[in-house]
file coords-v7.tsv (TSV, C-alpha atoms and all ligand atoms)
chain	number	residue	atom	x	y	z
Q	1	MET	CA	157.81	76.23	122.74
Q	2	ILE	CA	158.48	77.97	119.48
Q	3	THR	CA	156.23	80.80	118.32
Q	4	PHE	CA	156.02	82.18	114.81
Q	5	VAL	CA	155.16	85.85	115.28
Q	6	GLY	CA	153.84	88.31	112.70
Q	7	ALA	CA	155.86	91.51	113.03
Q	8	GLY	CA	153.33	93.66	111.20
Q	9	PRO	CA	153.97	95.67	108.04
Q	10	GLY	CA	156.67	98.01	109.34
Q	11	ALA	CA	155.68	100.55	111.98
Q	12	GLU	CA	156.96	99.27	115.32
Q	13	ASP	CA	153.64	99.83	117.06
Q	14	LEU	CA	151.74	97.70	114.56
Q	15	ILE	CA	152.85	94.43	116.12
Q	16	THR	CA	150.07	92.81	118.19
Q	17	VAL	CA	150.05	93.10	121.99
Q	18	ARG	CA	150.65	89.34	122.15
Q	19	GLY	CA	153.52	89.57	119.67
Q	20	GLN	CA	155.13	92.32	121.74
Q	21	ARG	CA	154.86	90.21	124.91
Q	22	LEU	CA	156.43	87.23	123.12
Q	23	LEU	CA	159.35	89.41	121.99
Q	24	GLN	CA	159.82	90.75	125.53
Q	25	GLU	CA	159.88	87.21	126.98
Q	26	ALA	CA	161.98	85.58	124.25
Q	27	ASP	CA	165.36	83.98	124.96
Q	28	ILE	CA	166.05	83.60	121.24
Q	29	ILE	CA	164.68	85.62	118.30
Q	30	VAL	CA	165.26	84.62	114.69
Q	31	TYR	CA	163.98	87.51	112.55
Q	32	ALA	CA	163.51	87.91	108.81
Q	33	GLY	CA	166.05	90.70	108.44
Q	34	SER	CA	165.16	91.71	104.91
Q	35	LEU	CA	161.83	93.26	105.92
Q	36	VAL	CA	161.25	93.19	109.69
Q	37	ASN	CA	161.74	96.61	111.27
Q	38	PRO	CA	164.92	96.20	113.39
Q	39	GLY	CA	163.42	98.63	115.91
Q	40	LEU	CA	161.18	95.78	117.09
Q	41	LEU	CA	164.25	93.96	118.41
Q	42	SER	CA	164.72	96.61	121.10
Q	43	MET	CA	161.66	95.06	122.79
Q	44	ALA	CA	163.79	92.00	123.57
Q	45	GLY	CA	165.51	91.54	126.92
Q	46	ALA	CA	169.22	92.28	127.30
Q	47	ASP	CA	170.15	88.56	127.34
Q	48	CYS	CA	168.10	87.58	124.30
Q	49	GLU	CA	170.11	85.97	121.48
Q	50	ILE	CA	169.18	87.51	118.13
Q	51	TYR	CA	169.72	85.95	114.68
Q	52	ASN	CA	169.02	87.48	111.26
Q	53	SER	CA	167.57	84.74	109.05
Q	54	ALA	CA	168.29	86.73	105.86
Q	55	LYS	CA	171.83	85.37	106.15
Q	56	MET	CA	170.85	81.80	107.06
Q	57	THR	CA	169.58	78.68	105.31
Q	58	LEU	CA	166.47	76.79	106.42
Q	59	GLU	CA	168.78	74.19	108.00
Q	60	GLU	CA	170.67	76.84	109.98
Q	61	VAL	CA	167.41	78.42	111.17
Q	62	MET	CA	166.12	75.02	112.25
Q	63	ASP	CA	169.38	74.25	114.10
Q	64	VAL	CA	169.13	77.47	116.12
Q	65	MET	CA	165.45	76.97	116.90
Q	66	THR	CA	165.60	73.27	117.80
Q	67	ALA	CA	168.75	73.64	119.94
Q	68	GLY	CA	167.13	76.58	121.75
Q	69	GLU	CA	163.89	74.73	122.36
Q	70	ARG	CA	165.72	71.64	123.63
Q	71	ALA	CA	167.62	73.84	126.08
Q	72	GLY	CA	164.25	75.00	127.45
Q	73	LYS	CA	164.44	78.45	125.91
Q	74	LYS	CA	161.59	80.53	124.55
Q	75	VAL	CA	162.12	80.91	120.82
Q	76	VAL	CA	160.41	83.48	118.58
Q	77	ARG	CA	160.57	83.24	114.80
Q	78	LEU	CA	159.71	86.76	113.67
Q	79	HIS	CA	158.25	87.13	110.17
Q	80	THR	CA	157.17	90.29	108.38
Q	81	GLY	CA	153.47	91.16	108.10
Q	82	ASP	CA	151.48	88.03	108.81
Q	83	PRO	CA	153.44	84.79	108.54
Q	84	CYS	CA	150.72	83.09	106.46
Q	85	LEU	CA	151.58	85.01	103.29
Q	86	TYR	CA	154.86	84.27	101.50
Q	87	GLY	CA	156.40	83.49	104.88
Q	88	ALA	CA	157.92	80.07	104.14
Q	89	ILE	CA	156.61	78.89	107.50
Q	90	ARG	CA	155.15	75.60	106.38
Q	91	GLU	CA	158.57	74.06	105.75
Q	92	GLN	CA	159.68	75.19	109.20
Q	93	MET	CA	156.55	73.79	110.84
Q	94	ASP	CA	157.01	70.46	109.07
Q	95	ALA	CA	160.63	70.26	110.21
Q	96	LEU	CA	159.54	71.04	113.79
Q	97	GLU	CA	156.87	68.35	113.66
Q	98	LYS	CA	159.45	65.86	112.47
Q	99	ALA	CA	161.63	66.82	115.41
Q	100	ASP	CA	158.58	66.46	117.71
Q	101	ILE	CA	158.72	70.12	118.73
Q	102	SER	CA	155.48	72.01	119.27
Q	103	TYR	CA	154.85	75.49	117.95
Q	104	GLU	CA	152.22	78.20	117.80
Q	105	VAL	CA	151.52	81.10	115.47
Q	106	CYS	CA	150.80	84.65	116.61
Q	107	PRO	CA	149.23	86.51	113.69
Q	108	GLY	CA	150.33	89.93	112.50
Q	109	VAL	CA	149.01	92.80	110.40
Q	110	SER	CA	149.84	91.96	106.80
Q	111	SER	CA	151.27	94.62	104.52
Q	112	PHE	CA	148.17	94.35	102.32
Q	113	CYS	CA	146.21	95.77	105.27
Q	114	GLY	CA	148.86	98.43	105.84
Q	115	ALA	CA	148.59	99.39	102.16
Q	116	ALA	CA	144.80	99.71	102.35
Q	117	ALA	CA	145.21	102.00	105.36
Q	118	ALA	CA	147.77	104.12	103.51
Q	119	LEU	CA	145.43	104.40	100.54
Q	120	GLY	CA	142.32	105.02	102.63
Q	121	ALA	CA	140.86	102.18	100.58
Q	122	GLU	CA	138.22	99.54	101.15
Q	123	TYR	CA	139.10	96.52	99.02
Q	124	THR	CA	135.53	95.19	99.02
Q	125	LEU	CA	133.05	97.79	97.76
Q	126	PRO	CA	129.43	96.80	97.04
Q	127	GLY	CA	128.70	96.88	93.35
Q	128	VAL	CA	132.43	97.01	92.46
Q	129	SER	CA	134.30	94.05	93.94
Q	130	GLN	CA	133.56	91.68	96.79
Q	131	SER	CA	136.77	89.69	96.47
Q	132	VAL	CA	140.48	90.33	96.89
Q	133	VAL	CA	143.02	88.37	94.90
Q	134	ILE	CA	146.37	88.21	96.65
Q	135	THR	CA	148.99	87.03	94.24
Q	136	ARG	CA	152.40	87.68	92.71
Q	137	MET	CA	154.18	87.56	89.39
Q	138	ALA	CA	156.25	84.48	88.77
Q	139	GLY	CA	159.87	85.30	89.47
Q	140	ARG	CA	162.62	83.01	90.65
Q	141	THR	CA	159.82	81.34	92.59
Q	142	PRO	CA	157.36	80.01	90.02
Q	143	VAL	CA	153.58	80.52	90.19
Q	144	PRO	CA	151.33	77.67	89.03
Q	145	GLU	CA	150.21	78.40	85.45
Q	146	ARG	CA	146.52	78.24	86.29
Q	147	GLU	CA	147.10	81.20	88.64
Q	148	SER	CA	148.35	83.58	85.97
Q	149	ILE	CA	147.77	87.31	86.43
Q	150	GLN	CA	145.70	87.24	83.22
Q	151	SER	CA	143.36	84.61	84.60
Q	152	PHE	CA	142.77	86.60	87.79
Q	153	ALA	CA	142.41	89.87	85.88
Q	154	ALA	CA	139.46	88.37	84.03
Q	155	HIS	CA	137.47	88.49	87.30
Q	156	GLN	CA	137.90	92.30	87.61
Q	157	ALA	CA	138.13	91.79	91.36
Q	158	THR	CA	140.46	93.86	93.53
Q	159	MET	CA	144.02	92.59	93.21
Q	160	VAL	CA	146.91	93.04	95.62
Q	161	ILE	CA	150.15	91.96	94.04
Q	162	PHE	CA	153.14	91.09	96.21
Q	163	LEU	CA	156.79	90.53	95.28
Q	164	SER	CA	156.49	91.99	91.78
Q	165	THR	CA	157.86	95.55	91.89
Q	166	GLY	CA	160.77	94.58	89.65
Q	167	MET	CA	158.43	93.36	86.90
Q	168	LEU	CA	155.92	96.16	86.45
Q	169	LYS	CA	156.06	96.34	82.64
Q	170	GLU	CA	155.26	92.65	82.45
Q	171	LEU	CA	152.62	93.01	85.16
Q	172	SER	CA	150.83	95.79	83.23
Q	173	ALA	CA	150.89	93.71	80.06
Q	174	GLU	CA	149.43	90.67	81.84
Q	175	LEU	CA	146.72	92.71	83.56
Q	176	ILE	CA	145.71	94.30	80.27
Q	177	SER	CA	145.76	91.07	78.29
Q	178	GLY	CA	143.62	89.53	81.07
Q	179	GLY	CA	140.91	92.15	80.60
Q	180	TYR	CA	141.71	95.23	82.68
Q	181	GLU	CA	141.40	98.51	80.76
Q	182	LYS	CA	144.73	100.31	80.87
Q	183	GLU	CA	142.97	103.28	82.54
Q	184	THR	CA	141.87	101.11	85.48
Q	185	PRO	CA	143.02	102.79	88.71
Q	186	ALA	CA	146.08	101.27	90.35
Q	187	ALA	CA	148.44	102.18	93.16
Q	188	ILE	CA	151.95	101.38	94.27
Q	189	VAL	CA	152.42	101.46	98.02
Q	190	TYR	CA	156.07	101.47	99.03
Q	191	LYS	CA	156.96	100.49	102.61
Q	192	ALA	CA	153.42	100.89	103.91
Q	193	THR	CA	153.38	102.16	107.52
Q	194	TRP	CA	157.17	102.77	107.61
Q	195	PRO	CA	158.28	106.42	108.05
Q	196	GLU	CA	159.48	106.39	104.41
Q	197	GLU	CA	156.12	105.14	103.06
Q	198	LYS	CA	155.18	106.33	99.55
Q	199	VAL	CA	151.71	106.10	98.03
Q	200	LEU	CA	151.78	106.43	94.25
Q	201	ARG	CA	148.45	106.49	92.47
Q	202	CYS	CA	148.45	105.64	88.79
Q	203	THR	CA	146.70	103.35	86.32
Q	204	VAL	CA	147.25	99.78	85.16
Q	205	GLY	CA	148.98	101.18	82.08
Q	206	THR	CA	151.40	103.46	83.96
Q	207	LEU	CA	152.71	101.22	86.76
Q	208	ALA	CA	156.30	100.92	85.49
Q	209	GLU	CA	156.85	104.60	84.70
Q	210	THR	CA	155.27	105.68	88.01
Q	211	ALA	CA	157.57	103.44	90.05
Q	212	ALA	CA	160.62	104.48	88.00
Q	213	ALA	CA	159.89	108.19	88.52
Q	214	GLU	CA	160.01	107.64	92.31
Q	215	ASN	CA	162.84	105.07	92.27
Q	216	VAL	CA	160.64	102.39	93.78
Q	217	THR	CA	162.14	99.01	92.93
Q	218	LYS	CA	161.17	96.77	95.87
Q	219	THR	CA	159.21	96.48	99.13
Q	220	ALA	CA	156.01	97.64	97.49
Q	221	LEU	CA	152.53	96.31	96.86
Q	222	ILE	CA	150.58	96.92	93.71
Q	223	VAL	CA	146.85	97.44	94.22
Q	224	VAL	CA	144.60	97.25	91.18
Q	225	GLY	CA	140.91	97.80	90.79
Q	226	ARG	CA	137.99	100.15	90.46
Q	227	ILE	CA	137.68	100.25	94.27
Q	228	LEU	CA	140.42	102.89	94.12
Q	229	GLU	CA	138.13	105.52	92.63
Q	230	GLY	CA	134.67	106.01	91.26
Q	231	GLU	CA	131.16	104.89	92.01
Q	232	TYR	CA	129.99	102.14	94.35
Q	233	ASP	CA	126.73	101.07	95.98
Q	234	ARG	CA	125.86	102.01	99.51
Q	235	SER	CA	126.18	99.09	101.98
Q	236	LYS	CA	123.00	97.22	102.84
Q	237	LEU	CA	124.12	96.74	106.43
Q	238	TYR	CA	123.72	100.42	107.32
Q	239	ASP	CA	120.81	101.17	105.00
Q	240	PRO	CA	117.78	102.51	106.98
Q	241	SER	CA	115.40	100.28	105.02
Q	242	PHE	CA	117.36	97.10	105.66
Q	243	THR	CA	116.59	94.78	108.59
Q	244	THR	CA	119.49	92.94	110.23
Q	245	GLU	CA	119.88	90.71	113.26
Q	246	PHE	CA	120.53	93.83	115.35
Q	247	ARG	CA	118.32	96.53	113.84
Q	248	LYS	CA	114.83	96.68	112.38
Q	249	GLY	CA	114.70	98.60	109.11
Q	250	SER	CA	111.80	100.47	107.51
Q	251	ASP	CA	111.48	97.75	104.85
Q	252	THR	CA	109.39	95.12	106.63
Q	253	ALA	CA	110.35	92.39	104.18
Q	254	GLY	CA	112.65	91.30	107.00
Q	255	GLN	CA	115.81	90.53	105.08
Q	256	LYS	CA	118.81	89.55	107.05
Q	257	THR	CA	122.45	89.88	106.20
Q	258	GLU	CA	125.66	89.19	107.97
G	1	LIG	N1	154.17	88.10	105.11
G	1	LIG	C1	154.30	89.41	104.50
G	1	LIG	C2	154.71	89.34	103.04
G	1	LIG	C3	156.12	88.84	102.82
G	1	LIG	S1	156.57	88.78	101.14
G	1	LIG	C4	153.01	90.20	104.72
G	1	LIG	O1	152.04	89.66	105.25
G	1	LIG	O2	152.98	91.36	104.36
G	1	LIG	C5	157.46	90.27	100.92
G	1	LIG	C6	156.69	91.23	100.04
G	1	LIG	O3	155.64	91.80	100.80
G	1	LIG	C7	157.48	92.41	99.53
G	1	LIG	O4	158.19	92.09	98.34
G	1	LIG	C8	156.40	93.41	99.25
G	1	LIG	O5	155.73	93.11	98.04
G	1	LIG	C9	155.44	93.12	100.38
G	1	LIG	N2	155.64	93.99	101.56
G	1	LIG	C10	156.05	93.63	102.79
G	1	LIG	N3	156.02	94.68	103.62
G	1	LIG	C11	155.57	95.73	102.90
G	1	LIG	C12	155.24	97.09	103.21
G	1	LIG	N4	155.42	97.59	104.44
G	1	LIG	N5	154.78	97.87	102.21
G	1	LIG	C13	154.57	97.39	100.98
G	1	LIG	N6	154.83	96.11	100.63
G	1	LIG	C14	155.32	95.30	101.58
call {"tool": "encode", "arguments": {"input": "coords-v7.tsv", "output": "structure tokens"}}
result
Amino acid sequence: MITFVGAGPGAEDLITVRGQRLLQEADIIVYAGSLVNPGLLSMAGADCEIYNSAKMTLEEVMDVMTAGERAGKKVVRLHTGDPCLYGAIREQMDALEKADISYEVCPGVSSFCGAAAALGAEYTLPGVSQSVVITRMAGRTPVPERESIQSFAAHQATMVIFLSTGMLKELSAELISGGYEKETPAAIVYKATWPEEKVLRCTVGTLAETAAAENVTKTALIVVGRILEGEYDRSKLYDPSFTTEFRKGSDTAGQKTE
């Protein structure tokens, strides 16, 4: 059995209990060395074989994993955050299916959750935004044109932008041309939950200069939206007048919400 495991955003104790057990029991770990906290590897047993996929091709990763599985070993493929975002797991899963090898996924805490925690932010505030757009600037990996930053900016929903710290001037320009005021609150969260975490609050118009002043060039998320400061509506769920499945409110109209 091969398990894709989410390592969490950085802090060693933000892996799930299941993920930790899988690391402890693994015979082989292939970890994404560019971002996974190497401290997590000390959870592995003394005989565990450990490979850093940052130095390997997809074919080399597949060779290690399939050979291990065929030898009856427990193989963990350790990805940063949660493997479902920018994890390149689909191509690995497809290759495993072709080789008739079964696999499972153990989710992890994504860095966009770690960034919210660092900011003390709620991405979905009533009356402000009820949606989160997770996206990236096009870089060496293209982004479909219909998913341009401008087109998402037009929604004025909360945005969390991955993999774009090297393109902040361009990002600002796209956000502004898409409809965000340049004074819209923004934040750069560098290495969320790592000991060296930095939380830089700024505006859509000052992203590039803010990152430059702190020498932040990679491993950061950009959060954009009016959820970062200002007014919002109180939640209905905890409003005394509001009736829910679990609590009768003073308003006898009997509304229900999830
Ligand atoms: N699967 C991962 C994302 C991998 S893509 C997840 O769920 O978080 C790599 C990008 O994620 C980085 O370029 C950066 O934009 C972001 N990232 C990963 N870890 C981060 C962290 N601890 N703090 C801020 N951004 C992080």
call {"tool": "residues_around", "arguments": {"input": "coords-v7.tsv", "residues": "Ala7 in chain Q", "least_positions_apart": "6", "cutoff": "10 Å", "atoms": "only C-alpha atoms", "output": "list in words"}}
result
Asp13, Leu14, Ile15, Thr16, Gly19, Gln20, Leu23, Tyr31, Ala32, Leu35, Val36, Asn37, Leu40, Arg77, Leu78, His79, Thr80, Gly81, Asp82, Pro83, Cys106, Pro107, Gly108, Val109 and Ser110 of chain Q
call {"tool": "atom_distance", "arguments": {"input": "coords-v7.tsv", "atom1": "atom C5 of ligand LIG 1 (chain G)", "atom2": "CA of Asn52 in chain Q"}}
result
15.8 Å
call {"tool": "closest_residue", "arguments": {"input": "coords-v7.tsv", "among": "Q:Thr193, Q:Thr210, Q:Thr243, Q:Thr203", "to": "ligand LIG 1 (chain G)", "atoms": "all atoms listed in the file"}}
result
Q:Thr193
call {"tool": "residues_around", "arguments": {"input": "coords-v7.tsv", "residues": "Ile89 in chain Q", "least_positions_apart": "3", "cutoff": "10 Å", "atoms": "all atoms listed in the file", "output": "PyMOL selection string"}}
result
chain Q and resi 4+77+79+83-86+92-95+105
call {"tool": "closest_residue", "arguments": {"input": "coords-v7.tsv", "among": "Q:Glu231, Q:Asp47, Q:Glu97, Q:Glu69", "to": "Leu125 in chain Q", "atoms": "only C-alpha atoms"}}
result
Q:Glu231
call {"tool": "closest_residue", "arguments": {"input": "coords-v7.tsv", "among": "Q:Gln156, Q:Thr219, Q:Thr124, Q:Ser148", "to": "ligand LIG 1 (chain G)", "atoms": "only C-alpha atoms and all ligand atoms"}}
result
Q:Thr219
call {"tool": "build_atoms", "arguments": {"input": "coords-v7.tsv", "residues": "range 59-75 of chain Q", "atoms": "N, CA, C and O atoms", "output": "compact mmCIF listing (two decimals), keeping the file's coordinate frame"}}
result
# COMPACT_ATOMS: atom_id res chain seq x y z
N GLU Q 59 168.14 75.14 107.07
CA GLU Q 59 168.78 74.19 108.00
C GLU Q 59 169.40 74.94 109.18
O GLU Q 59 169.29 74.51 110.33
N GLU Q 60 170.04 76.08 108.90
CA GLU Q 60 170.67 76.84 109.98
C GLU Q 60 169.61 77.42 110.93
O GLU Q 60 169.78 77.42 112.15
N VAL Q 61 168.51 77.90 110.34
CA VAL Q 61 167.41 78.42 111.17
C VAL Q 61 166.88 77.30 112.07
O VAL Q 61 166.68 77.49 113.28
N MET Q 62 166.67 76.14 111.47
CA MET Q 62 166.12 75.02 112.25
C MET Q 62 167.08 74.61 113.36
O MET Q 62 166.65 74.31 114.47
N ASP Q 63 168.39 74.62 113.07
CA ASP Q 63 169.38 74.25 114.10
C ASP Q 63 169.28 75.19 115.30
O ASP Q 63 169.27 74.75 116.45
N VAL Q 64 169.21 76.49 115.02
CA VAL Q 64 169.13 77.47 116.12
C VAL Q 64 167.84 77.26 116.92
O VAL Q 64 167.85 77.23 118.16
N MET Q 65 166.74 77.07 116.20
CA MET Q 65 165.45 76.97 116.90
C MET Q 65 165.34 75.67 117.69
O MET Q 65 164.88 75.67 118.83
N THR Q 66 165.76 74.55 117.09
CA THR Q 66 165.60 73.27 117.80
C THR Q 66 166.56 73.20 119.00
O THR Q 66 166.17 72.76 120.07
N ALA Q 67 167.80 73.68 118.81
CA ALA Q 67 168.75 73.64 119.94
C ALA Q 67 168.21 74.51 121.07
O ALA Q 67 168.26 74.13 122.25
N GLY Q 68 167.67 75.67 120.74
CA GLY Q 68 167.13 76.58 121.75
C GLY Q 68 165.98 75.92 122.49
O GLY Q 68 165.92 75.94 123.73
N GLU Q 69 165.07 75.34 121.74
CA GLU Q 69 163.89 74.73 122.36
C GLU Q 69 164.30 73.59 123.28
O GLU Q 69 163.78 73.44 124.38
N ARG Q 70 165.28 72.80 122.81
CA ARG Q 70 165.72 71.64 123.63
C ARG Q 70 166.41 72.10 124.90
O ARG Q 70 166.42 71.38 125.90
N ALA Q 71 166.98 73.30 124.88
CA ALA Q 71 167.62 73.84 126.08
C ALA Q 71 166.59 74.55 126.97
O ALA Q 71 166.95 75.25 127.92
N GLY Q 72 165.32 74.42 126.61
CA GLY Q 72 164.25 75.00 127.45
C GLY Q 72 164.06 76.49 127.25
O GLY Q 72 163.47 77.17 128.09
N LYS Q 73 164.55 77.00 126.14
CA LYS Q 73 164.44 78.45 125.91
C LYS Q 73 163.17 78.80 125.14
O LYS Q 73 162.63 77.98 124.42
N LYS Q 74 162.74 80.05 125.31
CA LYS Q 74 161.59 80.53 124.55
C LYS Q 74 162.09 81.11 123.22
O LYS Q 74 162.90 82.04 123.22
N VAL Q 75 161.61 80.52 122.14
CA VAL Q 75 162.12 80.91 120.82
C VAL Q 75 161.01 81.60 120.03
O VAL Q 75 159.90 81.10 119.92
